[in-house]
file run_31.cif (mmCIF, C-alpha atoms)
data_work
loop_
_atom_site.label_atom_id
_atom_site.label_comp_id
_atom_site.auth_asym_id
_atom_site.auth_seq_id
_atom_site.Cartn_x
_atom_site.Cartn_y
_atom_site.Cartn_z
CA MET A 1416 71.04 96.43 102.34
CA THR A 1417 73.56 98.09 104.65
CA ARG A 1418 73.17 99.55 108.10
CA ASP A 1419 74.04 103.06 106.92
CA GLN A 1420 71.26 103.02 104.31
CA LEU A 1421 68.56 102.58 106.96
CA ALA A 1422 70.14 104.30 109.96
CA GLY A 1423 68.24 107.56 109.57
CA ALA A 1424 64.90 105.83 109.05
CA ALA A 1425 65.48 103.62 112.07
CA ARG A 1426 66.25 106.62 114.28
CA ALA A 1427 63.16 108.45 113.04
CA ALA A 1428 60.97 105.39 113.60
CA LEU A 1429 62.23 104.25 117.00
CA GLY A 1430 63.82 107.36 118.48
CA GLY A 1431 64.86 107.44 122.11
CA GLY A 1432 68.50 108.12 121.31
CA ARG A 1433 68.87 104.64 119.87
CA ARG A 1434 71.43 103.81 117.19
CA LEU A 1435 70.97 101.19 114.51
CA GLU A 1436 73.29 98.29 115.28
CA ALA A 1437 72.44 95.66 112.63
CA VAL A 1438 70.34 95.01 109.54
CA GLU A 1439 69.36 91.45 108.64
CA ARG A 1440 67.40 90.34 105.59
CA ILE A 1441 64.73 87.85 106.61
CA ALA A 1442 62.29 85.63 104.79
CA GLY A 1443 59.31 87.59 103.62
CA GLY A 1444 57.34 88.38 100.51
CA THR A 1445 58.83 87.80 97.08
CA ARG A 1446 57.80 91.30 95.96
CA LYS A 1447 59.36 93.44 98.70
CA GLY A 1448 62.45 93.49 100.87
CA VAL A 1449 61.93 92.54 104.52
CA TYR A 1450 64.70 93.47 106.96
CA ARG A 1451 65.01 93.19 110.73
CA LEU A 1452 66.51 96.29 112.30
CA THR A 1453 68.29 95.84 115.63
CA MET A 1454 69.13 98.92 117.67
CA ASP A 1455 71.99 99.27 120.15
CA ASP A 1456 69.62 98.64 123.08
CA ALA A 1457 68.31 95.40 121.45
CA THR A 1458 65.03 97.02 120.34
CA THR A 1459 63.97 95.54 117.01
CA ALA A 1460 61.65 96.51 114.17
CA ILE A 1461 60.94 95.36 110.62
CA ALA A 1462 61.59 97.46 107.51
CA TYR A 1463 59.54 96.86 104.35
CA LEU A 1464 61.11 98.14 101.14
CA TRP A 1465 59.09 98.29 97.93
CA GLU A 1466 61.96 98.59 95.51
CA ALA A 1467 62.41 97.02 92.08
CA SER A 1468 65.63 95.29 93.11
CA GLU A 1469 63.76 93.55 95.96
CA ASN A 1470 61.09 92.10 93.65
CA TYR A 1471 61.96 88.61 92.41
CA TRP A 1472 59.12 88.48 89.90
CA PRO A 1473 59.82 89.22 86.22
CA ALA A 1474 57.77 92.18 85.07
CA ALA A 1475 54.59 91.37 83.17
CA GLU A 1476 51.91 93.35 81.38
CA GLY A 1477 49.18 94.49 83.75
CA ASP A 1478 51.29 94.28 86.91
CA ASP A 1479 50.22 97.78 87.92
CA ASP A 1480 46.53 97.37 87.01
CA ILE A 1481 44.82 97.82 90.37
CA ALA A 1482 41.43 97.25 88.70
CA ASP A 1483 42.44 93.61 88.21
CA PRO A 1484 41.82 91.82 91.53
CA PHE A 1485 44.66 89.42 90.72
CA SER A 1486 47.31 91.93 89.76
CA PRO A 1487 50.29 91.65 92.14
CA GLY A 1488 49.94 93.43 95.44
CA VAL A 1489 52.97 95.71 95.38
CA GLY A 1490 53.41 99.02 97.09
CA LEU A 1491 52.90 101.16 100.13
CA ASP A 1492 49.40 102.30 99.12
CA LEU A 1493 48.09 98.73 99.09
CA PHE A 1494 49.80 97.99 102.40
CA GLU A 1495 48.31 101.04 104.12
CA ALA A 1496 44.79 100.39 102.85
CA ALA A 1497 44.93 96.73 103.89
CA HIS A 1498 46.40 97.61 107.27
CA ALA A 1499 43.63 100.15 107.92
CA ARG A 1500 40.87 97.73 106.94
CA LEU A 1501 42.15 94.87 109.10
CA ALA A 1502 42.77 97.15 112.07
CA ALA A 1503 39.23 98.55 111.74
CA LEU A 1504 37.92 94.98 111.98
CA GLY A 1505 39.81 94.52 115.23
CA LEU A 1506 42.44 92.19 113.81
CA ARG A 1507 46.03 92.28 115.01
CA VAL A 1508 48.45 93.69 112.46
CA PRO A 1509 51.96 95.05 113.06
CA ALA A 1510 51.94 98.57 114.46
CA VAL A 1511 53.40 101.07 112.02
CA HIS A 1512 56.31 103.12 113.39
CA LEU A 1513 57.18 105.03 110.21
CA VAL A 1514 55.87 105.48 106.68
CA ASP A 1515 58.17 107.21 104.21
CA ARG A 1516 56.41 107.75 100.90
CA ASP A 1517 58.33 110.97 100.21
CA ARG A 1518 61.59 108.97 100.19
CA THR A 1519 63.16 111.19 102.79
CA HIS A 1520 65.16 108.34 104.29
CA TYR A 1521 65.53 105.92 101.38
CA PRO A 1522 65.08 106.11 97.58
CA ALA A 1523 62.03 103.80 97.57
CA ASP A 1524 58.75 103.46 99.44
CA LEU A 1525 59.51 102.37 102.99
CA ALA A 1526 57.59 101.36 106.11
CA ILE A 1527 59.01 100.40 109.48
CA VAL A 1528 56.69 98.25 111.56
CA GLU A 1529 56.49 96.30 114.78
CA ASP A 1530 58.62 93.17 115.02
CA PHE A 1531 57.47 89.80 116.38
CA PRO A 1532 60.63 87.75 116.90
CA GLY A 1533 60.17 84.04 117.28
CA GLU A 1534 58.06 81.41 115.58
CA ASN A 1535 55.30 82.04 113.11
CA LEU A 1536 52.07 80.13 113.68
CA MET A 1537 52.97 77.37 111.23
CA ASP A 1538 56.18 76.57 113.11
CA LEU A 1539 54.49 76.84 116.51
CA LEU A 1540 51.73 74.48 115.42
CA ALA A 1541 54.26 71.94 114.15
CA ARG A 1542 56.34 72.12 117.34
CA ASP A 1543 53.61 72.30 119.97
CA PRO A 1544 50.02 71.88 118.74
CA HIS A 1545 48.63 72.32 122.23
CA ALA A 1546 50.40 75.65 122.73
CA ALA A 1547 49.14 76.81 119.32
CA GLU A 1548 45.48 76.04 120.04
CA PRO A 1549 44.53 79.45 121.54
CA THR A 1550 46.15 81.28 118.62
CA MET A 1551 44.43 79.02 116.09
CA ALA A 1552 41.09 79.67 117.80
CA ARG A 1553 41.67 83.42 117.64
CA LEU A 1554 42.67 83.14 113.99
CA ALA A 1555 39.37 81.35 113.30
CA ASP A 1556 37.59 84.26 115.00
CA ALA A 1557 39.57 86.72 112.87
CA LEU A 1558 38.55 84.88 109.70
CA GLU A 1559 34.93 85.08 110.80
CA ALA A 1560 35.24 88.83 111.33
CA MET A 1561 36.69 89.14 107.82
CA ARG A 1562 33.96 86.95 106.39
CA HIS A 1563 31.12 88.92 107.93
CA HIS A 1564 32.34 92.34 106.81
CA GLN A 1565 30.41 92.98 103.61
CA ALA A 1566 31.71 95.36 100.95
CA PRO A 1567 29.66 96.97 98.15
CA ALA A 1568 31.88 95.57 95.38
CA TYR A 1569 34.69 93.11 94.76
CA GLY A 1570 38.32 93.99 94.20
CA LYS A 1571 41.42 95.21 95.99
CA VAL A 1572 40.69 96.91 99.29
CA ALA A 1573 42.72 99.96 98.28
CA LEU A 1574 40.63 100.35 95.12
CA ILE A 1575 37.18 99.75 96.58
CA ASP A 1576 37.72 101.76 99.76
CA GLY A 1577 38.95 104.57 97.54
CA GLY A 1578 35.68 104.55 95.58
CA GLY A 1579 37.00 102.65 92.57
CA THR A 1580 35.57 99.78 90.55
CA SER A 1581 37.21 96.54 89.48
CA ARG A 1582 37.21 95.35 85.92
CA GLY A 1583 34.74 92.56 85.09
CA THR A 1584 31.28 91.52 86.10
CA SER A 1585 31.64 89.10 89.02
CA CYS A 1586 34.08 87.24 91.23
CA GLU A 1587 33.58 84.01 89.29
CA ALA A 1588 34.14 85.76 85.96
CA ALA A 1589 37.32 87.35 87.30
CA VAL A 1590 38.53 83.94 88.50
CA LEU A 1591 37.74 82.31 85.16
CA GLY A 1592 39.74 84.94 83.28
CA PHE A 1593 42.61 84.60 85.76
CA ALA A 1594 42.58 80.81 85.43
CA LEU A 1595 42.59 80.91 81.64
CA ARG A 1596 45.59 83.26 81.67
CA ASN A 1597 47.45 80.96 84.03
CA LEU A 1598 46.51 77.94 81.94
CA ALA A 1599 47.92 79.56 78.82
CA GLU A 1600 51.11 80.51 80.61
CA ALA A 1601 51.58 77.09 82.21
CA ALA A 1602 50.92 75.38 78.87
CA SER A 1603 53.67 77.46 77.28
CA ARG A 1604 56.13 76.27 79.93
CA ASP A 1605 55.23 72.61 80.49
CA GLN A 1606 54.24 70.04 77.88
CA ARG A 1607 52.02 68.09 80.27
CA ILE A 1608 49.77 71.11 80.74
CA ALA A 1609 49.93 71.82 77.01
CA ASP A 1610 48.74 68.26 76.27
CA ALA A 1611 45.82 68.66 78.69
CA ARG A 1612 45.03 72.27 77.84
CA ASP A 1613 41.77 71.60 75.99
CA ARG A 1614 40.44 69.41 78.82
CA LEU A 1615 41.47 71.94 81.46
CA GLU A 1616 39.91 74.83 79.56
CA GLU A 1617 36.68 72.92 79.00
CA ARG A 1618 36.52 72.00 82.68
CA LEU A 1619 37.05 75.61 83.76
CA HIS A 1620 34.15 76.75 81.59
CA GLU A 1621 31.94 73.92 82.92
CA LEU A 1622 32.71 74.82 86.52
CA ALA A 1623 32.15 78.54 85.90
CA ALA A 1624 28.80 77.85 84.22
CA ALA A 1625 27.61 76.00 87.32
CA VAL A 1626 28.19 78.98 89.61
CA ARG A 1627 25.05 80.91 90.40
CA PRO A 1628 25.20 84.73 90.69
CA ARG A 1629 25.93 86.21 94.10
CA ALA A 1630 26.92 89.66 95.37
CA GLU A 1631 28.42 89.09 98.81
CA TYR A 1632 31.98 90.34 99.15
CA SER A 1633 34.02 89.54 102.24
CA VAL A 1634 37.51 90.57 103.29
CA VAL A 1635 39.96 88.01 101.90
CA HIS A 1636 43.71 87.82 102.58
CA GLY A 1637 44.28 85.62 99.54
CA GLU A 1638 47.45 83.81 100.61
CA LEU A 1639 46.74 82.97 104.23
CA GLY A 1640 49.29 80.32 104.99
CA LEU A 1641 50.12 80.00 108.67
CA ASP A 1642 53.61 81.24 107.79
CA HIS A 1643 51.87 84.57 107.09
CA VAL A 1644 50.59 84.64 110.66
CA LEU A 1645 52.91 85.75 113.45
CA VAL A 1646 52.19 85.41 117.16
CA ASP A 1647 52.38 88.29 119.62
CA ALA A 1648 53.35 88.09 123.28
CA HIS A 1649 49.74 87.45 124.27
CA GLY A 1650 49.17 84.63 121.80
CA ASN A 1651 47.23 86.73 119.30
CA PRO A 1652 47.58 85.98 115.58
CA VAL A 1653 49.21 88.82 113.63
CA LEU A 1654 48.52 88.97 109.89
CA ILE A 1655 51.38 89.93 107.57
CA ASP A 1656 51.95 90.03 103.78
CA ILE A 1657 48.62 91.81 103.49
CA GLU A 1658 49.07 93.83 100.29
CA ASP A 1659 46.83 91.46 98.27
CA LEU A 1660 43.89 91.99 100.64
CA MET A 1661 40.67 92.26 98.68
CA TYR A 1662 36.91 92.05 98.88
CA PHE A 1663 35.94 88.77 97.28
CA ASP A 1664 34.16 85.45 97.68
CA VAL A 1665 35.04 83.87 101.01
CA GLU A 1666 35.46 80.57 99.13
CA TRP A 1667 38.63 81.94 97.53
CA GLU A 1668 40.20 82.22 100.99
CA HIS A 1669 39.14 78.76 102.07
CA VAL A 1670 40.39 77.07 98.92
CA PHE A 1671 43.84 78.46 99.61
CA LEU A 1672 43.61 77.39 103.26
CA ARG A 1673 42.70 73.87 102.15
CA ILE A 1674 45.57 73.75 99.67
CA ARG A 1675 48.11 75.15 102.09
CA HIS A 1676 47.35 73.11 105.23
CA HIS A 1677 46.89 69.54 106.32
CA ASP A 1678 43.29 68.48 106.87
CA SER A 1679 43.81 68.34 110.63
CA ASP A 1680 45.04 71.94 110.68
CA TYR A 1681 42.41 73.24 108.29
CA ARG A 1682 39.61 71.76 110.40
CA ARG A 1683 40.46 74.30 113.09
CA LEU A 1684 39.66 77.09 110.61
CA ALA A 1685 36.91 75.50 108.53
CA VAL A 1686 33.46 77.04 108.30
CA SER A 1687 30.08 75.79 107.14
CA GLY A 1688 27.93 77.24 104.41
CA LEU A 1689 30.54 77.55 101.65
CA ASN A 1690 29.28 77.15 98.10
CA GLU A 1691 30.49 73.90 96.55
CA ASP A 1692 30.34 75.15 92.96
CA ARG A 1693 32.55 78.12 93.77
CA LEU A 1694 34.92 75.90 95.73
CA ALA A 1695 35.30 73.57 92.73
CA LEU A 1696 36.02 76.37 90.27
CA TYR A 1697 38.38 78.15 92.63
CA MET A 1698 40.29 74.97 93.46
CA LEU A 1699 41.21 74.33 89.82
CA ALA A 1700 41.93 78.03 89.29
CA GLN A 1701 44.31 78.16 92.25
CA ARG A 1702 46.06 74.95 91.24
CA LEU A 1703 46.77 76.54 87.86
CA SER A 1704 47.90 79.77 89.49
CA LEU A 1705 50.24 77.84 91.77
CA THR A 1706 51.68 76.14 88.70
CA ALA A 1707 52.11 79.13 86.40
CA GLY A 1708 53.22 81.56 89.12
CA PRO A 1709 56.18 79.53 90.42
CA LEU A 1710 57.28 78.70 86.88
CA ARG A 1711 57.24 82.42 86.06
CA LEU A 1712 59.13 83.22 89.25
CA LEU A 1713 61.87 80.81 88.19
CA ASP A 1714 62.52 83.00 85.13
CA GLY A 1715 64.09 85.48 87.55
CA ASP A 1716 66.75 85.15 90.21
CA PHE A 1717 64.63 83.69 93.02
CA PRO A 1718 67.17 81.90 95.24
CA ASP A 1719 65.28 78.84 96.55
CA ARG A 1720 64.75 77.30 93.15
CA ALA A 1721 64.28 73.69 94.21
CA PHE A 1722 61.48 74.66 96.59
CA MET A 1723 59.67 76.74 93.98
CA GLN A 1724 60.03 74.01 91.36
CA ALA A 1725 58.50 71.55 93.83
CA VAL A 1726 55.53 73.91 94.40
CA ALA A 1727 54.93 74.11 90.66
CA GLU A 1728 55.27 70.35 90.18
CA HIS A 1729 52.90 69.48 93.02
CA ASN A 1730 50.18 71.85 91.86
CA LEU A 1731 50.61 70.85 88.22
CA ASN A 1732 49.88 67.24 89.15
CA GLU A 1733 46.94 68.29 91.32
CA ALA A 1734 45.47 70.31 88.45
CA LEU A 1735 45.78 67.36 86.08
CA ALA A 1736 44.17 65.09 88.66
CA LEU A 1737 41.14 67.38 88.79
CA VAL A 1738 40.38 66.64 85.13
CA ALA A 1739 41.60 63.04 84.99
CA ALA A 1740 38.42 61.64 86.53
CA VAL A 1741 35.97 63.94 84.75
#
call {"tool": "encode", "arguments": {"input": "run_31.cif", "output": "structure tokens"}}
result
Amino acid sequence: MTRDQLAGAARAALGGGRRLEAVERIAGGTRKGVYRLTMDDATTAIAYLWEASENYWPAAEGDDDIADPFSPGVGLDLFEAAHARLAALGLRVPAVHLVDRDRTHYPADLAIVEDFPGENLMDLLARDPHAAEPTMARLADALEAMRHHQAPAYGKVALIDGGGTSRGTSCEAAVLGFALRNLAEAASRDQRIADARDRLEERLHELAAAVRPRAEYSVVHGELGLDHVLVDAHGNPVLIDIEDLMYFDVEWEHVFLRIRHHDSDYRRLAVSGLNEDRLALYMLAQRLSLTAGPLRLLDGDFPDRAFMQAVAEHNLNEALALVAAV
């Protein structure tokens, strides 16, 4: 991405006679480009670009099926719907300076949003746990607000808020189907999963059969690592990478939180009253997803290959451990 390509959008977004001085690609989602824009008066903003060349994931059948809760969250429509829902709940999300869906400024969907230079919450917590405590407490409050907002159906926020309906019959059925797809894909890529495929499939069906029906759908981020939480000048947590926001079982969120964080960090965000049967099913399902997904990503040109291979290897071993003692 060059400065000239985003100069007009930056002027339209930030105005005030400013001129775009620099464009820097920064770490962000694997499905969109994330660039820091620096103006000649040191004002900064973030540009999101939903463009095929910015998406590291190889294309797969069903990628654009919004009725599948687990289809990839790609695109401006999903971002805007998620942003509106979180803002309505009183959560801090980046302010939007510009949305360009007509491609006036760039030949792809584009949004320019508020920048939060500095550490994300994960880095702050590692460097200074005491300083991070107020932000962690506010993040716990935010998760409670998300948990207590009840939707009439499960699925992507953009779909449900638009009056649509997800495919399937329940959250647990959707997770079972997702897990079986990931199991098949992982088995095709790694012999250890292939050797254990029958045991893993049997265990998934056993866990799904134990889940009792429920129709309570909360707001779920889906990939809420603390690296997806920025910190504003007042110590408030700011949620980013929100395109996968959906209405779903709150247990899905907390399984990811448990996987992603050390026990001492997760305890700050833990809640009571979660259903153990759902947690068990969703833990194995997410371990399989975090095996198959990284292996699929490595088919493309994702740059940090050693890191992604390590993610796949760790979760592969964790998935096998979940059936070793059964």
call {"tool": "resolve_selection", "arguments": {"input": "run_31.cif", "expression": "the PyMOL selection byres ((chain A and resi 1691-1700) around 10)", "output": "CSV table (one decimal) with C-alpha atoms, keeping the file's coordinate frame"}}
result
chain,number,residue,atom,x,y,z
A,1586,CYS,CA,34.1,87.2,91.2
A,1587,GLU,CA,33.6,84.0,89.3
A,1590,VAL,CA,38.5,83.9,88.5
A,1591,LEU,CA,37.7,82.3,85.2
A,1592,GLY,CA,39.7,84.9,83.3
A,1593,PHE,CA,42.6,84.6,85.8
A,1594,ALA,CA,42.6,80.8,85.4
A,1595,LEU,CA,42.6,80.9,81.6
A,1596,ARG,CA,45.6,83.3,81.7
A,1597,ASN,CA,47.4,81.0,84.0
A,1598,LEU,CA,46.5,77.9,81.9
A,1615,LEU,CA,41.5,71.9,81.5
A,1618,ARG,CA,36.5,72.0,82.7
A,1619,LEU,CA,37.0,75.6,83.8
A,1620,HIS,CA,34.2,76.8,81.6
A,1621,GLU,CA,31.9,73.9,82.9
A,1622,LEU,CA,32.7,74.8,86.5
A,1623,ALA,CA,32.2,78.5,85.9
A,1624,ALA,CA,28.8,77.8,84.2
A,1625,ALA,CA,27.6,76.0,87.3
A,1626,VAL,CA,28.2,79.0,89.6
A,1627,ARG,CA,25.0,80.9,90.4
A,1664,ASP,CA,34.2,85.4,97.7
A,1665,VAL,CA,35.0,83.9,101.0
A,1666,GLU,CA,35.5,80.6,99.1
A,1667,TRP,CA,38.6,81.9,97.5
A,1668,GLU,CA,40.2,82.2,101.0
A,1669,HIS,CA,39.1,78.8,102.1
A,1670,VAL,CA,40.4,77.1,98.9
A,1671,PHE,CA,43.8,78.5,99.6
A,1673,ARG,CA,42.7,73.9,102.2
A,1674,ILE,CA,45.6,73.8,99.7
A,1688,GLY,CA,27.9,77.2,104.4
A,1689,LEU,CA,30.5,77.6,101.6
A,1690,ASN,CA,29.3,77.2,98.1
A,1701,GLN,CA,44.3,78.2,92.2
A,1702,ARG,CA,46.1,75.0,91.2
A,1703,LEU,CA,46.8,76.5,87.9
A,1704,SER,CA,47.9,79.8,89.5
A,1705,LEU,CA,50.2,77.8,91.8
A,1706,THR,CA,51.7,76.1,88.7
A,1730,ASN,CA,50.2,71.8,91.9
A,1733,GLU,CA,46.9,68.3,91.3
A,1734,ALA,CA,45.5,70.3,88.4
A,1735,LEU,CA,45.8,67.4,86.1
A,1736,ALA,CA,44.2,65.1,88.7
A,1737,LEU,CA,41.1,67.4,88.8
A,1738,VAL,CA,40.4,66.6,85.1
call {"tool": "closest_residue", "arguments": {"input": "run_31.cif", "among": "A:Tyr1471, A:Asp1678, A:Phe1717, A:Arg1614", "to": "Ala1739 (chain A)", "atoms": "all atoms listed in the file"}}
result
A:Arg1614
call {"tool": "closest_residue", "arguments": {"input": "run_31.cif", "among": "A:Asp1478, A:Leu1435, A:Asp1543, A:Asp1647", "to": "Ala1510 (chain A)", "atoms": "only C-alpha atoms"}}
result
A:Asp1647
call {"tool": "closest_residue", "arguments": {"input": "run_31.cif", "among": "A:Leu1491, A:Ala1502, A:Leu1710, A:Val1726", "to": "Glu1466 (chain A)", "atoms": "only C-alpha atoms"}}
result
A:Leu1491
call {"tool": "residues_around", "arguments": {"input": "run_31.cif", "residues": "Ile1461 (chain A)", "least_positions_apart": "4", "cutoff": "6 Å", "atoms": "only C-alpha atoms", "output": "PyMOL selection string"}}
result
chain A and resi 1450-1452+1527-1528+1530
call {"tool": "closest_residue", "arguments": {"input": "run_31.cif", "among": "A:Arg1683, A:His1676, A:His1545, A:His1563", "to": "Glu1638 (chain A)", "atoms": "all atoms listed in the file"}}
result
A:His1676
call {"tool": "resolve_selection", "arguments": {"input": "run_31.cif", "expression": "the PyMOL selection byres ((chain A and resi 1531) around 12)", "output": "number ranges by chain"}}
result
A: 1451-1452, 1458-1461, 1507-1510, 1528-1530, 1532-1536, 1644-1655
call {"tool": "write_last_selection", "arguments": {"input": "run_31.cif", "atoms": "C-alpha atoms", "output": "mmCIF file, keeping the file's coordinate frame"}}
result
data_model
loop_
_atom_site.group_PDB
_atom_site.id
_atom_site.type_symbol
_atom_site.label_atom_id
_atom_site.label_comp_id
_atom_site.auth_asym_id
_atom_site.auth_seq_id
_atom_site.Cartn_x
_atom_site.Cartn_y
_atom_site.Cartn_z
ATOM 1 C CA ARG A 1451 65.010 93.190 110.730
ATOM 2 C CA LEU A 1452 66.510 96.290 112.300
ATOM 3 C CA THR A 1458 65.030 97.020 120.340
ATOM 4 C CA THR A 1459 63.970 95.540 117.010
ATOM 5 C CA ALA A 1460 61.650 96.510 114.170
ATOM 6 C CA ILE A 1461 60.940 95.360 110.620
ATOM 7 C CA ARG A 1507 46.030 92.280 115.010
ATOM 8 C CA VAL A 1508 48.450 93.690 112.460
ATOM 9 C CA PRO A 1509 51.960 95.050 113.060
ATOM 10 C CA ALA A 1510 51.940 98.570 114.460
ATOM 11 C CA VAL A 1528 56.690 98.250 111.560
ATOM 12 C CA GLU A 1529 56.490 96.300 114.780
ATOM 13 C CA ASP A 1530 58.620 93.170 115.020
ATOM 14 C CA PRO A 1532 60.630 87.750 116.900
ATOM 15 C CA GLY A 1533 60.170 84.040 117.280
ATOM 16 C CA GLU A 1534 58.060 81.410 115.580
ATOM 17 C CA ASN A 1535 55.300 82.040 113.110
ATOM 18 C CA LEU A 1536 52.070 80.130 113.680
ATOM 19 C CA VAL A 1644 50.590 84.640 110.660
ATOM 20 C CA LEU A 1645 52.910 85.750 113.450
ATOM 21 C CA VAL A 1646 52.190 85.410 117.160
ATOM 22 C CA ASP A 1647 52.380 88.290 119.620
ATOM 23 C CA ALA A 1648 53.350 88.090 123.280
ATOM 24 C CA HIS A 1649 49.740 87.450 124.270
ATOM 25 C CA GLY A 1650 49.170 84.630 121.800
ATOM 26 C CA ASN A 1651 47.230 86.730 119.300
ATOM 27 C CA PRO A 1652 47.580 85.980 115.580
ATOM 28 C CA VAL A 1653 49.210 88.820 113.630
ATOM 29 C CA LEU A 1654 48.520 88.970 109.890
ATOM 30 C CA ILE A 1655 51.380 89.930 107.570
#
call {"tool": "resolve_selection", "arguments": {"input": "run_31.cif", "expression": "the PyMOL selection byres ((chain A and resi 1486) around 10)", "output": "number ranges by chain"}}
result
A: 1475-1485, 1487-1489, 1571, 1593, 1659
call {"tool": "atom_distance", "arguments": {"input": "run_31.cif", "atom1": "CA of Gln1420 (chain A)", "atom2": "CA of Tyr1521 (chain A)"}}
result
7.1 Å
call {"tool": "closest_residue", "arguments": {"input": "run_31.cif", "among": "A:Glu1548, A:Glu1559, A:Glu1616, A:Asp1492", "to": "Gly1577 (chain A)", "atoms": "all atoms listed in the file"}}
result
A:Asp1492
call {"tool": "atom_distance", "arguments": {"input": "run_31.cif", "atom1": "CA of Val1449 (chain A)", "atom2": "CA of Asp1680 (chain A)"}}
result
27.3 Å
call {"tool": "atom_distance", "arguments": {"input": "run_31.cif", "atom1": "CA of Ala1721 (chain A)", "atom2": "CA of Gly1708 (chain A)"}}
result
14.5 Å
call {"tool": "closest_residue", "arguments": {"input": "run_31.cif", "among": "A:Val1511, A:Ala1462, A:Ala1611, A:Leu1672", "to": "Lys1447 (chain A)", "atoms": "only C-alpha atoms"}}
result
A:Ala1462
